[in-house]
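File shown: start00.tsv. Contents: TSV, N, CA and C atoms.
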chain	number	residue	atom	x	y	z
A	23	MET	N	-11.46	-68.45	-15.84
A	23	MET	CA	-11.95	-67.54	-16.83
A	23	MET	C	-12.50	-66.29	-16.14
A	24	TRP	N	-12.20	-65.13	-16.70
A	24	TRP	CA	-12.73	-63.87	-16.18
A	24	TRP	C	-13.99	-63.49	-16.93
A	25	SER	N	-14.97	-62.99	-16.20
A	25	SER	CA	-16.18	-62.44	-16.78
A	25	SER	C	-16.41	-61.06	-16.17
A	26	GLU	N	-16.96	-60.17	-16.96
A	26	GLU	CA	-17.22	-58.80	-16.53
A	26	GLU	C	-18.57	-58.38	-17.07
A	27	GLY	N	-19.28	-57.56	-16.31
A	27	GLY	CA	-20.57	-57.09	-16.79
A	27	GLY	C	-21.23	-56.15	-15.80
A	28	THR	N	-22.48	-55.84	-16.08
A	28	THR	CA	-23.26	-54.99	-15.19
A	28	THR	C	-24.60	-55.66	-14.92
A	29	ILE	N	-25.13	-55.36	-13.75
A	29	ILE	CA	-26.44	-55.84	-13.35
A	29	ILE	C	-27.21	-54.62	-12.86
A	30	GLY	N	-28.41	-54.41	-13.38
A	30	GLY	CA	-29.28	-53.33	-12.93
A	30	GLY	C	-30.22	-53.85	-11.86
A	31	ILE	N	-30.10	-53.31	-10.67
A	31	ILE	CA	-30.94	-53.71	-9.54
A	31	ILE	C	-32.00	-52.64	-9.34
A	32	PRO	N	-33.28	-53.00	-9.31
A	32	PRO	CA	-34.32	-51.99	-9.09
A	32	PRO	C	-34.03	-51.20	-7.82
A	33	GLY	N	-34.11	-49.88	-7.93
A	33	GLY	CA	-33.81	-49.02	-6.79
A	33	GLY	C	-34.01	-47.57	-7.14
A	34	LYS	N	-33.23	-46.69	-6.52
A	34	LYS	CA	-33.43	-45.25	-6.62
A	34	LYS	C	-32.60	-44.57	-7.69
A	35	ASP	N	-31.49	-45.14	-8.11
A	35	ASP	CA	-30.57	-44.47	-9.03
A	35	ASP	C	-30.90	-44.81	-10.48
A	36	ASN	N	-30.40	-44.00	-11.42
A	36	ASN	CA	-30.47	-44.26	-12.87
A	36	ASN	C	-31.84	-44.76	-13.32
A	37	ASN	N	-32.84	-43.90	-13.23
A	37	ASN	CA	-34.19	-44.24	-13.65
A	37	ASN	C	-34.74	-45.46	-12.93
A	38	GLY	N	-34.52	-45.51	-11.64
A	38	GLY	CA	-35.08	-46.61	-10.86
A	38	GLY	C	-34.20	-47.82	-10.73
A	39	LYS	N	-32.94	-47.74	-11.16
A	39	LYS	CA	-32.03	-48.89	-11.06
A	39	LYS	C	-30.71	-48.47	-10.44
A	40	THR	N	-30.14	-49.38	-9.66
A	40	THR	CA	-28.77	-49.22	-9.19
A	40	THR	C	-27.91	-50.10	-10.08
A	41	ILE	N	-26.90	-49.53	-10.71
A	41	ILE	CA	-26.04	-50.27	-11.63
A	41	ILE	C	-24.86	-50.84	-10.85
A	42	CYS	N	-24.75	-52.16	-10.86
A	42	CYS	CA	-23.64	-52.87	-10.22
A	42	CYS	C	-22.72	-53.39	-11.31
A	43	HIS	N	-21.49	-52.92	-11.32
A	43	HIS	CA	-20.49	-53.41	-12.28
A	43	HIS	C	-19.70	-54.51	-11.57
A	44	TYR	N	-19.48	-55.63	-12.26
A	44	TYR	CA	-18.79	-56.74	-11.60
A	44	TYR	C	-17.69	-57.32	-12.47
A	45	TRP	N	-16.73	-57.95	-11.77
A	45	TRP	CA	-15.68	-58.77	-12.36
A	45	TRP	C	-15.66	-60.06	-11.55
A	46	VAL	N	-15.63	-61.18	-12.21
A	46	VAL	CA	-15.63	-62.47	-11.50
A	46	VAL	C	-14.67	-63.43	-12.19
A	47	LYS	N	-13.83	-64.10	-11.40
A	47	LYS	CA	-12.96	-65.14	-11.91
A	47	LYS	C	-13.55	-66.46	-11.45
A	48	HIS	N	-13.87	-67.32	-12.42
A	48	HIS	CA	-14.53	-68.59	-12.10
A	48	HIS	C	-13.88	-69.71	-12.88
A	49	PHE	N	-14.01	-70.90	-12.35
A	49	PHE	CA	-13.36	-72.08	-12.93
A	49	PHE	C	-14.40	-73.14	-13.25
A	50	GLU	N	-13.97	-74.17	-13.96
A	50	GLU	CA	-14.83	-75.29	-14.32
A	50	GLU	C	-15.21	-76.14	-13.11
A	51	GLU	N	-14.25	-76.29	-12.19
A	51	GLU	CA	-14.45	-77.17	-11.02
A	51	GLU	C	-14.44	-76.35	-9.73
A	52	PRO	N	-15.19	-76.78	-8.73
A	52	PRO	CA	-15.16	-76.13	-7.43
A	52	PRO	C	-13.78	-76.23	-6.77
A	53	SER	N	-13.51	-75.31	-5.83
A	53	SER	CA	-12.22	-75.27	-5.14
A	53	SER	C	-12.44	-74.84	-3.70
A	54	HIS	N	-11.53	-75.25	-2.82
A	54	HIS	CA	-11.63	-74.79	-1.44
A	54	HIS	C	-11.31	-73.30	-1.32
A	55	PHE	N	-10.74	-72.69	-2.38
A	55	PHE	CA	-10.50	-71.25	-2.41
A	55	PHE	C	-11.73	-70.47	-2.86
A	56	GLY	N	-12.71	-71.16	-3.42
A	56	GLY	CA	-13.89	-70.50	-3.97
A	56	GLY	C	-14.89	-70.08	-2.90
A	57	ILE	N	-15.78	-69.19	-3.28
A	57	ILE	CA	-16.87	-68.78	-2.39
A	57	ILE	C	-17.71	-70.01	-2.10
A	58	ASN	N	-17.92	-70.30	-0.82
A	58	ASN	CA	-18.66	-71.51	-0.39
A	58	ASN	C	-18.07	-72.77	-1.02
A	59	GLU	N	-16.75	-72.76	-1.21
A	59	GLU	CA	-16.02	-73.87	-1.85
A	59	GLU	C	-16.55	-74.17	-3.25
A	60	GLY	N	-16.96	-73.11	-3.94
A	60	GLY	CA	-17.49	-73.23	-5.29
A	60	GLY	C	-16.48	-72.82	-6.35
A	61	ARG	N	-16.98	-72.39	-7.49
A	61	ARG	CA	-16.15	-72.10	-8.66
A	61	ARG	C	-15.65	-70.66	-8.73
A	62	ILE	N	-16.23	-69.73	-7.94
A	62	ILE	CA	-15.79	-68.33	-7.97
A	62	ILE	C	-14.62	-68.15	-7.00
A	63	SER	N	-13.44	-67.77	-7.54
A	63	SER	CA	-12.29	-67.55	-6.67
A	63	SER	C	-12.02	-66.06	-6.44
A	64	LYS	N	-12.51	-65.21	-7.34
A	64	LYS	CA	-12.35	-63.77	-7.18
A	64	LYS	C	-13.62	-63.08	-7.66
A	65	LEU	N	-14.03	-62.05	-6.92
A	65	LEU	CA	-15.25	-61.32	-7.26
A	65	LEU	C	-15.11	-59.89	-6.76
A	66	MET	N	-15.45	-58.93	-7.62
A	66	MET	CA	-15.51	-57.53	-7.22
A	66	MET	C	-16.80	-56.95	-7.77
A	67	ILE	N	-17.50	-56.20	-6.93
A	67	ILE	CA	-18.69	-55.47	-7.35
A	67	ILE	C	-18.47	-54.01	-6.98
A	68	LYS	N	-18.76	-53.12	-7.95
A	68	LYS	CA	-18.64	-51.68	-7.72
A	68	LYS	C	-19.97	-51.01	-8.04
A	69	ILE	N	-20.32	-50.03	-7.22
A	69	ILE	CA	-21.48	-49.17	-7.47
A	69	ILE	C	-20.98	-47.73	-7.44
A	70	ASN	N	-21.26	-47.00	-8.50
A	70	ASN	CA	-20.80	-45.60	-8.62
A	70	ASN	C	-19.30	-45.47	-8.36
A	71	GLY	N	-18.52	-46.42	-8.86
A	71	GLY	CA	-17.07	-46.37	-8.73
A	71	GLY	C	-16.52	-46.79	-7.39
A	72	ARG	N	-17.38	-47.17	-6.46
A	72	ARG	CA	-16.95	-47.58	-5.12
A	72	ARG	C	-17.11	-49.08	-4.96
A	73	VAL	N	-16.06	-49.75	-4.47
A	73	VAL	CA	-16.09	-51.19	-4.25
A	73	VAL	C	-17.02	-51.49	-3.08
A	74	THR	N	-18.06	-52.28	-3.34
A	74	THR	CA	-19.03	-52.63	-2.31
A	74	THR	C	-18.98	-54.11	-1.95
A	75	CYS	N	-18.14	-54.87	-2.67
A	75	CYS	CA	-17.95	-56.30	-2.39
A	75	CYS	C	-16.63	-56.72	-3.03
A	76	ASN	N	-15.80	-57.44	-2.27
A	76	ASN	CA	-14.55	-57.94	-2.84
A	76	ASN	C	-14.17	-59.27	-2.18
A	77	TYR	N	-13.99	-60.28	-3.03
A	77	TYR	CA	-13.57	-61.60	-2.58
A	77	TYR	C	-12.35	-61.99	-3.41
A	78	ASP	N	-11.25	-62.30	-2.74
A	78	ASP	CA	-10.03	-62.74	-3.42
A	78	ASP	C	-9.48	-63.93	-2.64
A	79	ARG	N	-10.08	-65.10	-2.88
A	79	ARG	CA	-9.77	-66.34	-2.14
A	79	ARG	C	-10.05	-66.18	-0.65
A	80	GLY	N	-10.88	-65.25	-0.33
A	80	GLY	CA	-11.31	-64.93	1.03
A	80	GLY	C	-11.95	-63.55	0.99
A	81	TRP	N	-12.79	-63.24	1.98
A	81	TRP	CA	-13.50	-61.97	1.98
A	81	TRP	C	-12.60	-60.81	2.41
A	82	ASP	N	-12.55	-59.79	1.56
A	82	ASP	CA	-11.95	-58.51	1.91
A	82	ASP	C	-13.06	-57.53	2.30
A	83	ILE	N	-14.12	-57.51	1.48
A	83	ILE	CA	-15.30	-56.68	1.75
A	83	ILE	C	-16.52	-57.53	1.42
A	84	GLU	N	-17.30	-57.88	2.42
A	84	GLU	CA	-18.53	-58.64	2.18
A	84	GLU	C	-19.60	-57.69	1.66
A	85	PRO	N	-20.61	-58.21	0.93
A	85	PRO	CA	-21.67	-57.33	0.41
A	85	PRO	C	-22.22	-56.45	1.54
A	86	GLU	N	-22.26	-55.13	1.28
A	86	GLU	CA	-22.55	-54.21	2.36
A	86	GLU	C	-23.88	-53.48	2.24
A	87	ASP	N	-24.60	-53.66	1.15
A	87	ASP	CA	-25.91	-53.01	1.01
A	87	ASP	C	-26.83	-53.92	0.21
A	88	GLU	N	-28.09	-53.54	0.11
A	88	GLU	CA	-29.07	-54.40	-0.55
A	88	GLU	C	-28.78	-54.62	-2.04
A	89	PRO	N	-28.50	-53.57	-2.83
A	89	PRO	CA	-28.21	-53.81	-4.25
A	89	PRO	C	-27.01	-54.74	-4.45
A	90	THR	N	-25.97	-54.56	-3.65
A	90	THR	CA	-24.78	-55.42	-3.76
A	90	THR	C	-25.14	-56.85	-3.38
A	91	SER	N	-25.91	-57.02	-2.33
A	91	SER	CA	-26.31	-58.37	-1.90
A	91	SER	C	-27.12	-59.08	-2.98
A	92	ILE	N	-28.01	-58.35	-3.63
A	92	ILE	CA	-28.82	-58.95	-4.70
A	92	ILE	C	-27.93	-59.33	-5.88
A	93	ALA	N	-27.02	-58.41	-6.28
A	93	ALA	CA	-26.10	-58.71	-7.38
A	93	ALA	C	-25.23	-59.92	-7.03
A	94	TYR	N	-24.75	-59.98	-5.80
A	94	TYR	CA	-23.94	-61.11	-5.33
A	94	TYR	C	-24.71	-62.43	-5.46
A	95	MET	N	-25.98	-62.44	-5.05
A	95	MET	CA	-26.78	-63.67	-5.15
A	95	MET	C	-26.98	-64.09	-6.62
A	96	ILE	N	-27.19	-63.10	-7.49
A	96	ILE	CA	-27.33	-63.40	-8.92
A	96	ILE	C	-26.04	-64.02	-9.47
A	97	LEU	N	-24.90	-63.45	-9.09
A	97	LEU	CA	-23.62	-63.96	-9.58
A	97	LEU	C	-23.32	-65.35	-9.01
A	98	LEU	N	-23.66	-65.59	-7.76
A	98	LEU	CA	-23.49	-66.95	-7.20
A	98	LEU	C	-24.29	-67.95	-8.00
A	99	GLN	N	-25.53	-67.59	-8.32
A	99	GLN	CA	-26.39	-68.50	-9.08
A	99	GLN	C	-25.81	-68.78	-10.47
A	100	LYS	N	-25.26	-67.76	-11.09
A	100	LYS	CA	-24.75	-67.90	-12.46
A	100	LYS	C	-23.40	-68.60	-12.55
A	101	TYR	N	-22.46	-68.26	-11.66
A	101	TYR	CA	-21.08	-68.70	-11.81
A	101	TYR	C	-20.58	-69.72	-10.78
A	102	ASN	N	-21.26	-69.85	-9.64
A	102	ASN	CA	-20.71	-70.70	-8.60
A	102	ASN	C	-21.26	-72.10	-8.71
If you convert what's in this file into structure tokens, what do you get?
Amino acid sequence: MWSEGTIGIPGKDNNGKTICHYWVKHFEEPSHFGINEGRISKLMIKINGRVTCNYDRGWDIEPEDEPTSIAYMILLQKYN
């Protein structure tokens, strides 16, 4: 199942928040293709139109800044 949304991370942009837009493909059961062998098989996070994290059955771009890392941890907790 695909899920899409935004997460506001406290920071400097947009009235004190950094907006992280995400797309995540997750399944009912864990898989060896998933992040940490979990349920997320695909994940993309964008900030200001720039991809700051991308996982497609393996890491293409690991979280590269603090807002992305926080959004990534939130998404792991929710979907993985």
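Computed from the coordinates, the atom C of His48 in chain A to atom N of Lys100 in chain A distance equals 11.7 Å.
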Expected answer as an mmCIF file with N, CA and C atoms, keeping the file's coordinate frame: strand (DSSP E) residues in range 24-101 of chain A:
data_model
loop_
_atom_site.group_PDB
_atom_site.id
_atom_site.type_symbol
_atom_site.label_atom_id
_atom_site.label_comp_id
_atom_site.auth_asym_id
_atom_site.auth_seq_id
_atom_site.Cartn_x
_atom_site.Cartn_y
_atom_site.Cartn_z
ATOM 1 N N TRP A 24 -12.200 -65.130 -16.700
ATOM 2 C CA TRP A 24 -12.730 -63.870 -16.180
ATOM 3 C C TRP A 24 -13.990 -63.490 -16.930
ATOM 4 N N SER A 25 -14.970 -62.990 -16.200
ATOM 5 C CA SER A 25 -16.180 -62.440 -16.780
ATOM 6 C C SER A 25 -16.410 -61.060 -16.170
ATOM 7 N N GLU A 26 -16.960 -60.170 -16.960
ATOM 8 C CA GLU A 26 -17.220 -58.800 -16.530
ATOM 9 C C GLU A 26 -18.570 -58.380 -17.070
ATOM 10 N N GLY A 27 -19.280 -57.560 -16.310
ATOM 11 C CA GLY A 27 -20.570 -57.090 -16.790
ATOM 12 C C GLY A 27 -21.230 -56.150 -15.800
ATOM 13 N N THR A 28 -22.480 -55.840 -16.080
ATOM 14 C CA THR A 28 -23.260 -54.990 -15.190
ATOM 15 C C THR A 28 -24.600 -55.660 -14.920
ATOM 16 N N ILE A 29 -25.130 -55.360 -13.750
ATOM 17 C CA ILE A 29 -26.440 -55.840 -13.350
ATOM 18 C C ILE A 29 -27.210 -54.620 -12.860
ATOM 19 N N GLY A 30 -28.410 -54.410 -13.380
ATOM 20 C CA GLY A 30 -29.280 -53.330 -12.930
ATOM 21 C C GLY A 30 -30.220 -53.850 -11.860
ATOM 22 N N ILE A 31 -30.100 -53.310 -10.670
ATOM 23 C CA ILE A 31 -30.940 -53.710 -9.540
ATOM 24 C C ILE A 31 -32.000 -52.640 -9.340
ATOM 25 N N PRO A 32 -33.280 -53.000 -9.310
ATOM 26 C CA PRO A 32 -34.320 -51.990 -9.090
ATOM 27 C C PRO A 32 -34.030 -51.200 -7.820
ATOM 28 N N LYS A 39 -32.940 -47.740 -11.160
ATOM 29 C CA LYS A 39 -32.030 -48.890 -11.060
ATOM 30 C C LYS A 39 -30.710 -48.470 -10.440
ATOM 31 N N THR A 40 -30.140 -49.380 -9.660
ATOM 32 C CA THR A 40 -28.770 -49.220 -9.190
ATOM 33 C C THR A 40 -27.910 -50.100 -10.080
ATOM 34 N N ILE A 41 -26.900 -49.530 -10.710
ATOM 35 C CA ILE A 41 -26.040 -50.270 -11.630
ATOM 36 C C ILE A 41 -24.860 -50.840 -10.850
ATOM 37 N N CYS A 42 -24.750 -52.160 -10.860
ATOM 38 C CA CYS A 42 -23.640 -52.870 -10.220
ATOM 39 C C CYS A 42 -22.720 -53.390 -11.310
ATOM 40 N N HIS A 43 -21.490 -52.920 -11.320
ATOM 41 C CA HIS A 43 -20.490 -53.410 -12.280
ATOM 42 C C HIS A 43 -19.700 -54.510 -11.570
ATOM 43 N N TYR A 44 -19.480 -55.630 -12.260
ATOM 44 C CA TYR A 44 -18.790 -56.740 -11.600
ATOM 45 C C TYR A 44 -17.690 -57.320 -12.470
ATOM 46 N N TRP A 45 -16.730 -57.950 -11.770
ATOM 47 C CA TRP A 45 -15.680 -58.770 -12.360
ATOM 48 C C TRP A 45 -15.660 -60.060 -11.550
ATOM 49 N N VAL A 46 -15.630 -61.180 -12.210
ATOM 50 C CA VAL A 46 -15.630 -62.470 -11.500
ATOM 51 C C VAL A 46 -14.670 -63.430 -12.190
ATOM 52 N N LYS A 47 -13.830 -64.100 -11.400
ATOM 53 C CA LYS A 47 -12.960 -65.140 -11.910
ATOM 54 C C LYS A 47 -13.550 -66.460 -11.450
ATOM 55 N N HIS A 48 -13.870 -67.320 -12.420
ATOM 56 C CA HIS A 48 -14.530 -68.590 -12.100
ATOM 57 C C HIS A 48 -13.880 -69.710 -12.880
ATOM 58 N N ILE A 62 -16.230 -69.730 -7.940
ATOM 59 C CA ILE A 62 -15.790 -68.330 -7.970
ATOM 60 C C ILE A 62 -14.620 -68.150 -7.000
ATOM 61 N N SER A 63 -13.440 -67.770 -7.540
ATOM 62 C CA SER A 63 -12.290 -67.550 -6.670
ATOM 63 C C SER A 63 -12.020 -66.060 -6.440
ATOM 64 N N LYS A 64 -12.510 -65.210 -7.340
ATOM 65 C CA LYS A 64 -12.350 -63.770 -7.180
ATOM 66 C C LYS A 64 -13.620 -63.080 -7.660
ATOM 67 N N LEU A 65 -14.030 -62.050 -6.920
ATOM 68 C CA LEU A 65 -15.250 -61.320 -7.260
ATOM 69 C C LEU A 65 -15.110 -59.890 -6.760
ATOM 70 N N MET A 66 -15.450 -58.930 -7.620
ATOM 71 C CA MET A 66 -15.510 -57.530 -7.220
ATOM 72 C C MET A 66 -16.800 -56.950 -7.770
ATOM 73 N N ILE A 67 -17.500 -56.200 -6.930
ATOM 74 C CA ILE A 67 -18.690 -55.470 -7.350
ATOM 75 C C ILE A 67 -18.470 -54.010 -6.980
ATOM 76 N N LYS A 68 -18.760 -53.120 -7.950
ATOM 77 C CA LYS A 68 -18.640 -51.680 -7.720
ATOM 78 C C LYS A 68 -19.970 -51.010 -8.040
ATOM 79 N N ILE A 69 -20.320 -50.030 -7.220
ATOM 80 C CA ILE A 69 -21.480 -49.170 -7.470
ATOM 81 C C ILE A 69 -20.980 -47.730 -7.440
ATOM 82 N N ARG A 72 -17.380 -47.170 -6.460
ATOM 83 C CA ARG A 72 -16.950 -47.580 -5.120
ATOM 84 C C ARG A 72 -17.110 -49.080 -4.960
ATOM 85 N N VAL A 73 -16.060 -49.750 -4.470
ATOM 86 C CA VAL A 73 -16.090 -51.190 -4.250
ATOM 87 C C VAL A 73 -17.020 -51.490 -3.080
ATOM 88 N N THR A 74 -18.060 -52.280 -3.340
ATOM 89 C CA THR A 74 -19.030 -52.630 -2.310
ATOM 90 C C THR A 74 -18.980 -54.110 -1.950
ATOM 91 N N CYS A 75 -18.140 -54.870 -2.670
ATOM 92 C CA CYS A 75 -17.950 -56.300 -2.390
ATOM 93 C C CYS A 75 -16.630 -56.720 -3.030
ATOM 94 N N ASN A 76 -15.800 -57.440 -2.270
ATOM 95 C CA ASN A 76 -14.550 -57.940 -2.840
ATOM 96 C C ASN A 76 -14.170 -59.270 -2.180
ATOM 97 N N TYR A 77 -13.990 -60.280 -3.030
ATOM 98 C CA TYR A 77 -13.570 -61.600 -2.580
ATOM 99 C C TYR A 77 -12.350 -61.990 -3.410
ATOM 100 N N ASP A 78 -11.250 -62.300 -2.740
ATOM 101 C CA ASP A 78 -10.030 -62.740 -3.420
ATOM 102 C C ASP A 78 -9.480 -63.930 -2.640
ATOM 103 N N TRP A 81 -12.790 -63.240 1.980
ATOM 104 C CA TRP A 81 -13.500 -61.970 1.980
ATOM 105 C C TRP A 81 -12.600 -60.810 2.410
ATOM 106 N N ASP A 82 -12.550 -59.790 1.560
ATOM 107 C CA ASP A 82 -11.950 -58.510 1.910
ATOM 108 C C ASP A 82 -13.060 -57.530 2.300
ATOM 109 N N ILE A 83 -14.120 -57.510 1.480
ATOM 110 C CA ILE A 83 -15.300 -56.680 1.750
ATOM 111 C C ILE A 83 -16.520 -57.530 1.420
#
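In this model, the gap between atom C of Lys68 in chain A and atom N of Ile92 in chain A comes to 11.7 Å.
Note that CA of Lys64 in chain A and atom N of Arg79 in chain A are 5.0 Å apart.
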Task: Distance query Asn76 in chain A at most 9 Å, only C-alpha atoms, self and fewer than 4 positions along chain excluded, as a ChimeraX atom specification - done: /A:64-68,80-85
Open item on the list: Taking all atoms listed in the file into account, name the residue in A:Glu86, A:Ser63, A:Leu97, A:Ile29 that is nearest to Phe49 in chain A.
Closed with: A:Ser63
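Counting only N, CA and C atoms, the residue from A:Ser91, A:Glu59, A:Glu51, A:Tyr101 that sits nearest to Thr74 in chain A is A:Ser91.
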TODO: Report the residues of chain A whose backbone DSSP state falls under helix (DSSP H, G or I), written as number ranges by chain.
DONE: A: 57-59, 88-101
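Excluding Pro89 in chain A itself and same-chain residues fewer than 2 positions from it, the residues having an atom within 8 Å of it are Gly30, Ile31, Pro32, Gly33, Thr40, Ile41, Cys42, Pro85, Glu86, Asp87, Ser91, Ile92, Ala93, Tyr94 and Met95 of chain A, counting only N, CA and C atoms.
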For the residues in that selection, give me N, CA and C atoms as a compact mmCIF listing (two decimals), in the coordinates of the input.
# COMPACT_ATOMS: atom_id res chain seq x y z
N GLY A 30 -28.41 -54.41 -13.38
CA GLY A 30 -29.28 -53.33 -12.93
C GLY A 30 -30.22 -53.85 -11.86
N ILE A 31 -30.10 -53.31 -10.67
CA ILE A 31 -30.94 -53.71 -9.54
C ILE A 31 -32.00 -52.64 -9.34
N PRO A 32 -33.28 -53.00 -9.31
CA PRO A 32 -34.32 -51.99 -9.09
C PRO A 32 -34.03 -51.20 -7.82
N GLY A 33 -34.11 -49.88 -7.93
CA GLY A 33 -33.81 -49.02 -6.79
C GLY A 33 -34.01 -47.57 -7.14
N THR A 40 -30.14 -49.38 -9.66
CA THR A 40 -28.77 -49.22 -9.19
C THR A 40 -27.91 -50.10 -10.08
N ILE A 41 -26.90 -49.53 -10.71
CA ILE A 41 -26.04 -50.27 -11.63
C ILE A 41 -24.86 -50.84 -10.85
N CYS A 42 -24.75 -52.16 -10.86
CA CYS A 42 -23.64 -52.87 -10.22
C CYS A 42 -22.72 -53.39 -11.31
N PRO A 85 -20.61 -58.21 0.93
CA PRO A 85 -21.67 -57.33 0.41
C PRO A 85 -22.22 -56.45 1.54
N GLU A 86 -22.26 -55.13 1.28
CA GLU A 86 -22.55 -54.21 2.36
C GLU A 86 -23.88 -53.48 2.24
N ASP A 87 -24.60 -53.66 1.15
CA ASP A 87 -25.91 -53.01 1.01
C ASP A 87 -26.83 -53.92 0.21
N SER A 91 -25.91 -57.02 -2.33
CA SER A 91 -26.31 -58.37 -1.90
C SER A 91 -27.12 -59.08 -2.98
N ILE A 92 -28.01 -58.35 -3.63
CA ILE A 92 -28.82 -58.95 -4.70
C ILE A 92 -27.93 -59.33 -5.88
N ALA A 93 -27.02 -58.41 -6.28
CA ALA A 93 -26.10 -58.71 -7.38
C ALA A 93 -25.23 -59.92 -7.03
N TYR A 94 -24.75 -59.98 -5.80
CA TYR A 94 -23.94 -61.11 -5.33
C TYR A 94 -24.71 -62.43 -5.46
N MET A 95 -25.98 -62.44 -5.05
CA MET A 95 -26.78 -63.67 -5.15
C MET A 95 -26.98 -64.09 -6.62
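For the residues A:Asn37, A:Tyr77, A:Thr28, A:Ile96, ranking by smallest atom-to-atom distance to Ile57 in chain A using only N, CA and C atoms places A:Tyr77 first.
The smallest atom-to-atom distance between Val73 in chain A and any of A:Trp45, A:His54, A:Gln99, A:Arg61, using only C-alpha atoms, is found for A:Trp45.
Counting only C-alpha atoms and comparing A:Leu98, A:Ser25, A:Gly60, A:Glu88, the residue that lies closest to His43 in chain A is A:Ser25.
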